[in-house]
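For reference, target33.pdb (PDB, C-alpha atoms):
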```pdb
MODEL        1
ATOM      1  CA  VAL J 178      20.185-172.431  45.402  1.00  0.00           C
ATOM      2  CA  VAL J 179      21.339-172.949  41.803  1.00  0.00           C
ATOM      3  CA  LEU J 180      24.647-174.436  40.699  1.00  0.00           C
ATOM      4  CA  ARG J 181      25.274-173.999  36.993  1.00  0.00           C
ATOM      5  CA  ARG J 182      27.946-175.146  34.531  1.00  0.00           C
ATOM      6  CA  MET J 183      30.522-176.208  37.079  1.00  0.00           C
ATOM      7  CA  THR J 184      32.370-179.279  38.374  1.00  0.00           C
ATOM      8  CA  VAL J 185      32.341-180.440  41.999  1.00  0.00           C
ATOM      9  CA  GLN J 186      35.140-182.958  42.381  1.00  0.00           C
ATOM     10  CA  HIS J 187      37.285-184.872  44.902  1.00  0.00           C
ATOM     11  CA  GLY J 188      35.078-184.187  47.908  1.00  0.00           C
ATOM     12  CA  TYR J 189      35.269-186.317  51.052  1.00  0.00           C
ATOM     13  CA  SER J 190      33.081-186.881  54.113  1.00  0.00           C
ATOM     14  CA  ALA J 191      33.650-189.279  56.978  1.00  0.00           C
ATOM     15  CA  ASP J 192      29.863-189.410  57.303  1.00  0.00           C
ATOM     16  CA  VAL J 193      27.302-188.315  54.652  1.00  0.00           C
ATOM     17  CA  GLY J 194      27.580-186.251  51.471  1.00  0.00           C
ATOM     18  CA  GLY J 195      31.053-186.391  49.969  1.00  0.00           C
ATOM     19  CA  ALA J 196      30.651-183.606  47.406  1.00  0.00           C
ATOM     20  CA  ILE J 197      27.265-181.967  48.139  1.00  0.00           C
ATOM     21  CA  HIS J 198      25.209-182.139  51.356  1.00  0.00           C
ATOM     22  CA  SER J 199      21.727-180.580  51.268  1.00  0.00           C
ATOM     23  CA  ALA J 200      19.845-180.335  54.577  1.00  0.00           C
ATOM     24  CA  THR J 201      17.153-177.813  53.676  1.00  0.00           C
ATOM     25  CA  SER J 202      13.453-177.753  52.838  1.00  0.00           C
ATOM     26  CA  ALA J 203      14.167-175.623  49.760  1.00  0.00           C
ATOM     27  CA  ASP J 204      15.243-176.603  46.242  1.00  0.00           C
ATOM     28  CA  LEU J 205      18.797-177.233  45.122  1.00  0.00           C
ATOM     29  CA  ARG J 206      19.113-177.112  41.323  1.00  0.00           C
ATOM     30  CA  LEU J 207      22.133-178.509  39.479  1.00  0.00           C
ATOM     31  CA  ALA J 208      22.130-177.371  35.837  1.00  0.00           C
ATOM     32  CA  SER J 209      24.900-178.773  33.620  1.00  0.00           C
ATOM     33  CA  VAL J 210      26.911-179.711  36.708  1.00  0.00           C
ATOM     34  CA  ARG J 211      29.383-182.566  37.013  1.00  0.00           C
ATOM     35  CA  VAL J 212      29.737-184.260  40.409  1.00  0.00           C
ATOM     36  CA  LEU J 213      32.803-186.463  40.147  1.00  0.00           C
ATOM     37  CA  ASP J 214      35.143-188.722  42.117  1.00  0.00           C
ATOM     38  CA  SER J 215      33.910-187.905  45.609  1.00  0.00           C
ATOM     39  CA  ASP J 216      33.675-190.136  48.654  1.00  0.00           C
ATOM     40  CA  ALA J 217      31.512-190.625  51.742  1.00  0.00           C
ATOM     41  CA  VAL J 218      32.286-193.265  54.344  1.00  0.00           C
ATOM     42  CA  LYS J 219      28.553-193.821  54.994  1.00  0.00           C
ATOM     43  CA  TYR J 220      26.013-192.426  52.482  1.00  0.00           C
ATOM     44  CA  GLY J 221      25.948-190.161  49.463  1.00  0.00           C
ATOM     45  CA  GLY J 222      29.390-190.126  47.961  1.00  0.00           C
ATOM     46  CA  GLY J 223      28.332-187.581  45.369  1.00  0.00           C
ATOM     47  CA  ILE J 224      25.145-185.958  46.696  1.00  0.00           C
ATOM     48  CA  ALA J 225      23.220-186.378  49.950  1.00  0.00           C
ATOM     49  CA  ASN J 226      19.726-184.932  50.364  1.00  0.00           C
ATOM     50  CA  VAL J 227      18.978-185.236  54.088  1.00  0.00           C
ATOM     51  CA  GLY J 228      16.262-182.592  54.386  1.00  0.00           C
ATOM     52  CA  THR J 229      12.721-182.402  53.053  1.00  0.00           C
ATOM     53  CA  GLY J 230      13.625-180.308  50.032  1.00  0.00           C
ATOM     54  CA  ARG J 231      14.195-181.251  46.407  1.00  0.00           C
ATOM     55  CA  VAL J 232      17.447-181.805  44.573  1.00  0.00           C
ATOM     56  CA  LEU J 233      16.912-181.269  40.839  1.00  0.00           C
ATOM     57  CA  LEU J 234      19.489-182.407  38.301  1.00  0.00           C
ATOM     58  CA  VAL J 235      19.123-180.905  34.826  1.00  0.00           C
ATOM     59  CA  GLY J 236      21.523-182.177  32.193  1.00  0.00           C
ATOM     60  CA  SER J 237      24.045-183.094  34.890  1.00  0.00           C
ATOM     61  CA  THR J 238      26.450-185.995  35.442  1.00  0.00           C
ATOM     62  CA  VAL J 239      27.245-187.873  38.663  1.00  0.00           C
ATOM     63  CA  SER J 240      30.105-190.303  38.112  1.00  0.00           C
ATOM     64  CA  GLY J 241      32.984-192.031  39.878  1.00  0.00           C
ATOM     65  CA  ASN J 242      31.660-191.412  43.399  1.00  0.00           C
ATOM     66  CA  ARG J 243      31.753-193.834  46.337  1.00  0.00           C
ATOM     67  CA  ALA J 244      29.878-194.704  49.553  1.00  0.00           C
ATOM     68  CA  THR J 245      29.947-197.680  51.887  1.00  0.00           C
ATOM     69  CA  GLU J 246      26.362-197.893  53.105  1.00  0.00           C
ATOM     70  CA  GLY J 247      24.454-196.681  50.059  1.00  0.00           C
ATOM     71  CA  GLY J 248      24.081-194.022  47.419  1.00  0.00           C
ATOM     72  CA  SER J 249      27.548-193.903  45.954  1.00  0.00           C
ATOM     73  CA  ALA J 250      26.175-191.280  43.558  1.00  0.00           C
ATOM     74  CA  ILE J 251      23.027-189.937  45.289  1.00  0.00           C
ATOM     75  CA  HIS J 252      21.467-190.540  48.720  1.00  0.00           C
ATOM     76  CA  ASN J 253      17.923-189.399  49.577  1.00  0.00           C
ATOM     77  CA  GLU J 254      17.716-189.747  53.348  1.00  0.00           C
ATOM     78  CA  ALA J 255      14.097-189.099  54.294  1.00  0.00           C
ATOM     79  CA  ALA J 256      11.032-187.296  52.905  1.00  0.00           C
ATOM     80  CA  GLY J 257      12.883-185.266  50.293  1.00  0.00           C
ATOM     81  CA  THR J 258      12.768-185.596  46.514  1.00  0.00           C
ATOM     82  CA  VAL J 259      15.533-186.142  43.988  1.00  0.00           C
ATOM     83  CA  SER J 260      14.626-185.448  40.350  1.00  0.00           C
ATOM     84  CA  ILE J 261      17.075-186.605  37.687  1.00  0.00           C
ATOM     85  CA  THR J 262      16.042-184.980  34.398  1.00  0.00           C
ATOM     86  CA  ALA J 263      16.847-183.655  30.935  1.00  0.00           C
ATOM     87  CA  GLY J 264      19.622-186.002  29.865  1.00  0.00           C
ATOM     88  CA  SER J 265      21.300-186.368  33.248  1.00  0.00           C
ATOM     89  CA  ARG J 266      23.682-189.305  33.628  1.00  0.00           C
ATOM     90  CA  ILE J 267      24.270-191.343  36.780  1.00  0.00           C
ATOM     91  CA  VAL J 268      27.075-193.543  35.511  1.00  0.00           C
ATOM     92  CA  ASP J 269      30.177-195.492  36.523  1.00  0.00           C
ATOM     93  CA  ASN J 270      29.768-195.353  40.285  1.00  0.00           C
ATOM     94  CA  PRO J 271      31.599-196.261  42.455  1.00  0.00           C
ATOM     95  CA  GLY J 272      35.150-195.190  41.847  1.00  0.00           C
ATOM     96  CA  ASP J 273      38.009-196.083  44.183  1.00  0.00           C
ATOM     97  CA  SER J 274      37.758-195.204  47.882  1.00  0.00           C
ATOM     98  CA  LEU J 275      39.937-192.280  48.889  1.00  0.00           C
ATOM     99  CA  ASP J 276      40.863-193.765  52.273  1.00  0.00           C
ATOM    100  CA  GLY J 277      40.689-197.490  51.544  1.00  0.00           C
ATOM    101  CA  HIS J 278      37.305-198.251  53.152  1.00  0.00           C
ATOM    102  CA  ALA J 279      35.132-200.894  51.509  1.00  0.00           C
ATOM    103  CA  VAL J 280      32.767-199.527  48.862  1.00  0.00           C
ATOM    104  CA  THR J 281      29.541-201.533  48.695  1.00  0.00           C
ATOM    105  CA  GLY J 282      26.651-199.134  48.032  1.00  0.00           C
ATOM    106  CA  GLY J 283      24.817-198.786  44.722  1.00  0.00           C
ATOM    107  CA  ALA J 284      24.399-195.565  42.786  1.00  0.00           C
ATOM    108  CA  ILE J 285      21.050-194.137  43.974  1.00  0.00           C
ATOM    109  CA  ASN J 286      19.706-194.824  47.472  1.00  0.00           C
ATOM    110  CA  ASN J 287      16.181-193.875  48.600  1.00  0.00           C
ATOM    111  CA  GLU J 288      16.487-194.622  52.313  1.00  0.00           C
ATOM    112  CA  GLY J 289      13.158-193.655  53.922  1.00  0.00           C
ATOM    113  CA  ALA J 290      14.768-193.205  57.321  1.00  0.00           C
ATOM    114  CA  GLY J 291      12.394-193.221  60.290  1.00  0.00           C
ATOM    115  CA  GLY J 292       9.471-194.435  58.209  1.00  0.00           C
ATOM    116  CA  THR J 293       9.509-191.399  55.911  1.00  0.00           C
ATOM    117  CA  ILE J 294       8.569-191.575  52.242  1.00  0.00           C
ATOM    118  CA  GLY J 295      11.093-190.095  49.852  1.00  0.00           C
ATOM    119  CA  THR J 296      10.792-189.832  46.081  1.00  0.00           C
ATOM    120  CA  ILE J 297      13.245-190.462  43.249  1.00  0.00           C
ATOM    121  CA  THR J 298      12.239-189.523  39.698  1.00  0.00           C
ATOM    122  CA  VAL J 299      14.311-190.331  36.636  1.00  0.00           C
ATOM    123  CA  LEU J 300      13.034-188.543  33.522  1.00  0.00           C
ATOM    124  CA  ASP J 301      14.727-188.588  30.105  1.00  0.00           C
ATOM    125  CA  SER J 302      17.983-189.705  31.734  1.00  0.00           C
ATOM    126  CA  VAL J 303      20.389-192.632  32.119  1.00  0.00           C
ATOM    127  CA  VAL J 304      21.466-194.798  35.073  1.00  0.00           C
ATOM    128  CA  ALA J 305      24.241-197.017  33.740  1.00  0.00           C
ATOM    129  CA  ARG J 306      27.313-199.118  34.526  1.00  0.00           C
ATOM    130  CA  ASN J 307      27.047-198.770  38.296  1.00  0.00           C
ATOM    131  CA  GLU J 308      28.237-201.566  40.592  1.00  0.00           C
ATOM    132  CA  ALA J 309      27.486-202.748  44.131  1.00  0.00           C
ATOM    133  CA  THR J 310      27.983-205.700  46.433  1.00  0.00           C
ATOM    134  CA  THR J 311      24.618-204.941  48.058  1.00  0.00           C
ATOM    135  CA  ASP J 312      21.074-204.800  46.636  1.00  0.00           C
ATOM    136  CA  GLY J 313      20.272-202.239  43.972  1.00  0.00           C
ATOM    137  CA  ALA J 314      23.328-201.283  41.973  1.00  0.00           C
ATOM    138  CA  GLY J 315      21.359-198.762  39.925  1.00  0.00           C
ATOM    139  CA  ILE J 316      18.524-197.694  42.250  1.00  0.00           C
ATOM    140  CA  ASN J 317      17.775-199.041  45.741  1.00  0.00           C
ATOM    141  CA  ASN J 318      14.388-198.203  47.288  1.00  0.00           C
ATOM    142  CA  VAL J 319      15.010-199.260  50.868  1.00  0.00           C
ATOM    143  CA  GLY J 320      11.713-198.423  52.592  1.00  0.00           C
ATOM    144  CA  ASP J 321       8.253-197.232  51.572  1.00  0.00           C
ATOM    145  CA  GLY J 322       9.495-194.631  49.100  1.00  0.00           C
ATOM    146  CA  ARG J 323       8.471-193.906  45.529  1.00  0.00           C
ATOM    147  CA  ILE J 324      10.490-194.471  42.365  1.00  0.00           C
ATOM    148  CA  LEU J 325       9.345-193.151  38.978  1.00  0.00           C
ATOM    149  CA  VAL J 326      11.297-193.915  35.804  1.00  0.00           C
ATOM    150  CA  GLU J 327       9.970-192.420  32.583  1.00  0.00           C
ATOM    151  CA  ARG J 328      11.570-192.224  29.116  1.00  0.00           C
ATOM    152  CA  SER J 329      14.847-193.300  30.694  1.00  0.00           C
ATOM    153  CA  THR J 330      17.393-196.101  30.441  1.00  0.00           C
ATOM    154  CA  ILE J 331      18.626-198.318  33.294  1.00  0.00           C
ATOM    155  CA  THR J 332      21.417-200.410  31.803  1.00  0.00           C
ATOM    156  CA  GLY J 333      24.658-202.249  32.464  1.00  0.00           C
ATOM    157  CA  ASN J 334      24.417-202.184  36.269  1.00  0.00           C
ATOM    158  CA  ARG J 335      25.978-205.043  38.276  1.00  0.00           C
ATOM    159  CA  THR J 336      25.541-206.382  41.810  1.00  0.00           C
ATOM    160  CA  SER J 337      26.593-209.555  43.590  1.00  0.00           C
ATOM    161  CA  ALA J 338      23.262-209.334  45.470  1.00  0.00           C
ATOM    162  CA  SER J 339      19.762-208.738  43.986  1.00  0.00           C
ATOM    163  CA  GLY J 340      18.057-206.099  41.867  1.00  0.00           C
ATOM    164  CA  ALA J 341      20.937-204.886  39.740  1.00  0.00           C
ATOM    165  CA  GLY J 342      18.894-202.322  37.838  1.00  0.00           C
ATOM    166  CA  ILE J 343      16.254-201.473  40.454  1.00  0.00           C
ATOM    167  CA  HIS J 344      15.680-202.986  43.915  1.00  0.00           C
ATOM    168  CA  SER J 345      12.615-202.143  46.019  1.00  0.00           C
ATOM    169  CA  VAL J 346      11.517-203.440  49.426  1.00  0.00           C
ATOM    170  CA  SER J 347       8.060-202.100  50.291  1.00  0.00           C
ATOM    171  CA  GLY J 348       7.539-198.925  48.308  1.00  0.00           C
ATOM    172  CA  THR J 349       6.180-198.058  44.875  1.00  0.00           C
ATOM    173  CA  VAL J 350       8.106-198.429  41.617  1.00  0.00           C
ATOM    174  CA  LEU J 351       6.600-197.111  38.373  1.00  0.00           C
ATOM    175  CA  ILE J 352       8.406-197.805  35.097  1.00  0.00           C
ATOM    176  CA  ARG J 353       6.617-195.776  32.451  1.00  0.00           C
ATOM    177  CA  ALA J 354       6.461-195.278  28.703  1.00  0.00           C
ATOM    178  CA  GLY J 355       9.647-195.235  26.711  1.00  0.00           C
ATOM    179  CA  SER J 356      11.868-196.613  29.482  1.00  0.00           C
ATOM    180  CA  ILE J 357      14.376-199.416  28.949  1.00  0.00           C
ATOM    181  CA  VAL J 358      15.766-201.741  31.630  1.00  0.00           C
ATOM    182  CA  SER J 359      18.481-203.793  29.945  1.00  0.00           C
ATOM    183  CA  ASP J 360      21.750-205.689  30.349  1.00  0.00           C
ATOM    184  CA  ASN J 361      21.793-205.582  34.146  1.00  0.00           C
ATOM    185  CA  HIS J 362      23.188-208.542  36.124  1.00  0.00           C
ATOM    186  CA  ALA J 363      22.490-209.821  39.660  1.00  0.00           C
ATOM    187  CA  GLY J 364      24.674-212.358  41.500  1.00  0.00           C
ATOM    188  CA  ASN J 365      28.089-213.818  40.896  1.00  0.00           C
ATOM    189  CA  GLU J 366      29.931-217.155  41.039  1.00  0.00           C
ATOM    190  CA  ILE J 367      29.558-217.464  44.815  1.00  0.00           C
ATOM    191  CA  SER J 368      26.431-215.420  45.476  1.00  0.00           C
ATOM    192  CA  THR J 369      22.861-215.985  44.263  1.00  0.00           C
ATOM    193  CA  GLY J 370      21.189-212.821  43.022  1.00  0.00           C
ATOM    194  CA  HIS J 371      17.571-212.453  41.921  1.00  0.00           C
ATOM    195  CA  GLY J 372      15.996-209.891  39.635  1.00  0.00           C
ATOM    196  CA  GLY J 373      18.724-208.836  37.252  1.00  0.00           C
ATOM    197  CA  GLY J 374      16.597-206.014  35.860  1.00  0.00           C
ATOM    198  CA  ILE J 375      14.078-205.327  38.631  1.00  0.00           C
ATOM    199  CA  TYR J 376      13.611-206.860  42.099  1.00  0.00           C
ATOM    200  CA  ASN J 377      10.402-206.113  43.977  1.00  0.00           C
ATOM    201  CA  ALA J 378      10.352-207.728  47.437  1.00  0.00           C
ATOM    202  CA  GLY J 379       6.687-206.834  47.935  1.00  0.00           C
ATOM    203  CA  GLU J 380       7.015-206.462  51.692  1.00  0.00           C
ATOM    204  CA  LEU J 381       4.270-204.707  53.614  1.00  0.00           C
ATOM    205  CA  SER J 382       4.651-200.979  54.112  1.00  0.00           C
ATOM    206  CA  ARG J 383       3.989-199.268  57.420  1.00  0.00           C
ATOM    207  CA  ALA J 384       0.483-198.606  56.093  1.00  0.00           C
ATOM    208  CA  GLY J 385      -0.029-202.345  55.664  1.00  0.00           C
ATOM    209  CA  THR J 386       0.001-202.388  51.856  1.00  0.00           C
ATOM    210  CA  PRO J 387       2.424-204.548  49.853  1.00  0.00           C
ATOM    211  CA  GLY J 388       5.143-203.017  47.730  1.00  0.00           C
ATOM    212  CA  ARG J 389       3.897-202.087  44.268  1.00  0.00           C
ATOM    213  CA  LEU J 390       5.595-202.547  40.900  1.00  0.00           C
ATOM    214  CA  GLU J 391       4.002-201.256  37.708  1.00  0.00           C
ATOM    215  CA  VAL J 392       5.678-201.519  34.302  1.00  0.00           C
ATOM    216  CA  THR J 393       3.756-199.764  31.511  1.00  0.00           C
ATOM    217  CA  LYS J 394       4.823-199.551  27.848  1.00  0.00           C
ATOM    218  CA  ALA J 395       8.455-200.078  28.813  1.00  0.00           C
ATOM    219  CA  THR J 396      11.091-202.582  27.665  1.00  0.00           C
ATOM    220  CA  VAL J 397      12.815-205.063  30.003  1.00  0.00           C
ATOM    221  CA  THR J 398      15.364-207.024  28.018  1.00  0.00           C
ATOM    222  CA  ALA J 399      18.677-208.931  28.138  1.00  0.00           C
ATOM    223  CA  ASN J 400      19.024-208.862  31.934  1.00  0.00           C
ATOM    224  CA  THR J 401      20.612-211.812  33.738  1.00  0.00           C
ATOM    225  CA  ALA J 402      20.691-213.285  37.248  1.00  0.00           C
ATOM    226  CA  THR J 403      22.283-216.277  38.945  1.00  0.00           C
ATOM    227  CA  GLY J 404      18.994-216.833  40.794  1.00  0.00           C
ATOM    228  CA  ASP J 405      15.364-216.307  39.809  1.00  0.00           C
ATOM    229  CA  GLY J 406      13.783-213.640  37.632  1.00  0.00           C
ATOM    230  CA  ALA J 407      16.478-212.480  35.236  1.00  0.00           C
ATOM    231  CA  GLY J 408      14.246-209.677  34.006  1.00  0.00           C
ATOM    232  CA  ILE J 409      11.819-209.145  36.890  1.00  0.00           C
ATOM    233  CA  PHE J 410      11.586-210.833  40.301  1.00  0.00           C
ATOM    234  CA  SER J 411       8.510-210.150  42.409  1.00  0.00           C
ATOM    235  CA  GLY J 412       8.019-211.429  45.937  1.00  0.00           C
ATOM    236  CA  LEU J 413       4.272-210.768  45.871  1.00  0.00           C
TER     237      LEU J 413
ENDMDL
END
```
Using structure tokens, write down the structure that the file contains.
Amino acid sequence: VVLRRMTVQHGYSADVGGAIHSATSADLRLASVRVLDSDAVKYGGGIANVGTGRVLLVGSTVSGNRATEGGSAIHNEAAGTVSITAGSRIVDNPGDSLDGHAVTGGAINNEGAGGTIGTITVLDSVVARNEATTDGAGINNVGDGRILVERSTITGNRTSASGAGIHSVSGTVLIRAGSIVSDNHAGNEISTGHGGGIYNAGELSRAGTPGRLEVTKATVTANTATGDGAGIFSGL
């Protein structure tokens, strides 16, 4: 399925996938698409990928979306893949809730439900100015999943918890050449947050290996936290 040069806006779900819900093993391609101002009570205010397929964003924008549990912009439920490429922008999530429920989830959520391993790739794109009251305002890698950021910018994200730019529990996070993680902030006046730029808990995966963080030829700068590790916090 290909969506091209269109806007998907003001969607609502009482469960998962406010604007777009993909439950297939096939590809869903969004080319120059805007996903705006949509709302899910649980996960994936903008886009929810709950199958094993791939959601590919090419030069697209996901902004102003909301979710309570996680993935105000994008939620990857299980063993699927979400690829954010070619100047795509995941910015300014969440917006206001349409029905008044509390909005706590960060922008991109890689859930790994049922012990599955999902993948999020961010290539030549921007994840910026997203907010959360839970871990991972920009990207939250909840389980054993994989996160790859290459030639991309993670900036200006804010959480009252930990890992404002990127938060990972037990999976793999690779920050590669040309990427910038900057000006993210974890914690607030009443809550201690660690890892303003990147938080890697380093917990053991189901396979018994600790979470992995690798930063190669990238820049981590000007991040702040009320707790430890303003730039990078690692629990290893």
**OP:** Can you work out the spacing between CA of Thr238 (chain J) and CA of Ser202 (chain J) in Å, to one decimal?
**Re:** 23.2 Å
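The smallest atom-to-atom distance between Thr258 (chain J) and any of J:Arg243, J:Ala208, J:Ala309, J:Ala203, using all atoms listed in the file, is found for J:Ala203.
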For this structure, which residues satisfy the selection - the PyMOL selection byres ((chain J and resi 264) around 10) - when it is evaluated on the file as given? I want them as a short mmCIF file (atom, residue, chain, number, x, y, z; two decimals) with C-alpha atoms, keeping the file's coordinate frame.
```
data_model
loop_
_atom_site.label_atom_id
_atom_site.label_comp_id
_atom_site.auth_asym_id
_atom_site.auth_seq_id
_atom_site.Cartn_x
_atom_site.Cartn_y
_atom_site.Cartn_z
CA SER J 209 24.90 -178.77 33.62
CA LEU J 234 19.49 -182.41 38.30
CA VAL J 235 19.12 -180.90 34.83
CA GLY J 236 21.52 -182.18 32.19
CA SER J 237 24.04 -183.09 34.89
CA THR J 238 26.45 -186.00 35.44
CA ILE J 261 17.08 -186.60 37.69
CA THR J 262 16.04 -184.98 34.40
CA ALA J 263 16.85 -183.66 30.94
CA SER J 265 21.30 -186.37 33.25
CA ARG J 266 23.68 -189.30 33.63
CA ILE J 267 24.27 -191.34 36.78
CA VAL J 299 14.31 -190.33 36.64
CA LEU J 300 13.03 -188.54 33.52
CA ASP J 301 14.73 -188.59 30.10
CA SER J 302 17.98 -189.70 31.73
CA VAL J 303 20.39 -192.63 32.12
CA SER J 329 14.85 -193.30 30.69
#
```
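Going from CA of Gly295 (chain J) to CA of Ser356 (chain J) covers 21.4 Å.
We find CA of Gly241 (chain J) and CA of Val218 (chain J) to be spaced 14.5 Å apart.
Here the PyMOL selection byres ((chain J and resi 371) around 9) matches the residues J:Ala338, J:Ser339, J:Gly340, J:Ala341, J:His362, J:Ala363, J:Gly364, J:Thr369, J:Gly370, J:Gly372, J:Gly373, J:Gly374, J:Ile375, J:Tyr376, J:Thr401, J:Ala402, J:Thr403, J:Gly404, J:Asp405, J:Gly406, J:Ala407, J:Ile409, J:Phe410.
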Original post:
Taking into account only C-alpha atoms, which residue in the set J:Leu180, J:Ile357, J:Ile316, J:Leu325 is nearest to Leu390 (chain J)?
Top reply: J:Leu325
Which residues, named as in the file, does the PyMOL selection byres ((chain J and resi 248) around 9) pick out? Answer as a PDB file with C-alpha atoms, keeping the file's coordinate frame.
```pdb
ATOM      1  CA  LYS J 219      28.553-193.821  54.994  1.00  0.00           C
ATOM      2  CA  TYR J 220      26.013-192.426  52.482  1.00  0.00           C
ATOM      3  CA  GLY J 221      25.948-190.161  49.463  1.00  0.00           C
ATOM      4  CA  GLY J 222      29.390-190.126  47.961  1.00  0.00           C
ATOM      5  CA  GLY J 223      28.332-187.581  45.369  1.00  0.00           C
ATOM      6  CA  ILE J 224      25.145-185.958  46.696  1.00  0.00           C
ATOM      7  CA  ALA J 225      23.220-186.378  49.950  1.00  0.00           C
ATOM      8  CA  ASN J 242      31.660-191.412  43.399  1.00  0.00           C
ATOM      9  CA  ARG J 243      31.753-193.834  46.337  1.00  0.00           C
ATOM     10  CA  ALA J 244      29.878-194.704  49.553  1.00  0.00           C
ATOM     11  CA  THR J 245      29.947-197.680  51.887  1.00  0.00           C
ATOM     12  CA  GLU J 246      26.362-197.893  53.105  1.00  0.00           C
ATOM     13  CA  GLY J 247      24.454-196.681  50.059  1.00  0.00           C
ATOM     14  CA  SER J 249      27.548-193.903  45.954  1.00  0.00           C
ATOM     15  CA  ALA J 250      26.175-191.280  43.558  1.00  0.00           C
ATOM     16  CA  ILE J 251      23.027-189.937  45.289  1.00  0.00           C
ATOM     17  CA  HIS J 252      21.467-190.540  48.720  1.00  0.00           C
ATOM     18  CA  ASN J 253      17.923-189.399  49.577  1.00  0.00           C
ATOM     19  CA  GLY J 282      26.651-199.134  48.032  1.00  0.00           C
ATOM     20  CA  GLY J 283      24.817-198.786  44.722  1.00  0.00           C
ATOM     21  CA  ALA J 284      24.399-195.565  42.786  1.00  0.00           C
ATOM     22  CA  ILE J 285      21.050-194.137  43.974  1.00  0.00           C
ATOM     23  CA  ASN J 286      19.706-194.824  47.472  1.00  0.00           C
ATOM     24  CA  ASN J 287      16.181-193.875  48.600  1.00  0.00           C
ATOM     25  CA  ILE J 316      18.524-197.694  42.250  1.00  0.00           C
ATOM     26  CA  ASN J 317      17.775-199.041  45.741  1.00  0.00           C
TER      27      ASN J 317
END
```
Original post:
Can you list, as a ChimeraX atom specification, every protein, DNA or RNA residue that comes within 7 Å of Ser347 (chain J) when you count all atoms listed in the file, leaving out same-chain residues fewer than 5 positions away?
Top reply: /J:320-321,378-382,387-388
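Shortest atom-to-atom contact with Ser345 (chain J) among J:His198, J:Arg389, J:Arg211, J:His187: J:Arg389, counting all atoms listed in the file.
Using all atoms listed in the file, the shortest contact distance between Ser215 (chain J) and any of J:Val227, J:Ala384, J:Val232, J:Ile197 is found at J:Ile197.
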**OP:** Show which residues sit within 9 Å of Ala290 (chain J), as a ChimeraX atom specification. Count all atoms listed in the file, and ignore same-chain residues fewer than 6 positions away.
**Re:** /J:254-256,319-320
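Proximity ranking of J:Pro271, J:Gly322, J:Gly315, J:Gly355 relative to Arg383 (chain J) places J:Gly322 first, based on all atoms listed in the file.
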**OP:** Using only C-alpha atoms, determine which residues lie at most 8 Å from Asp360 (chain J), disregarding the query and same-chain residues fewer than 2 positions distant; provide the list as a PyMOL selection string.
**Re:** chain J and resi 332-334+358+362+374+398-401
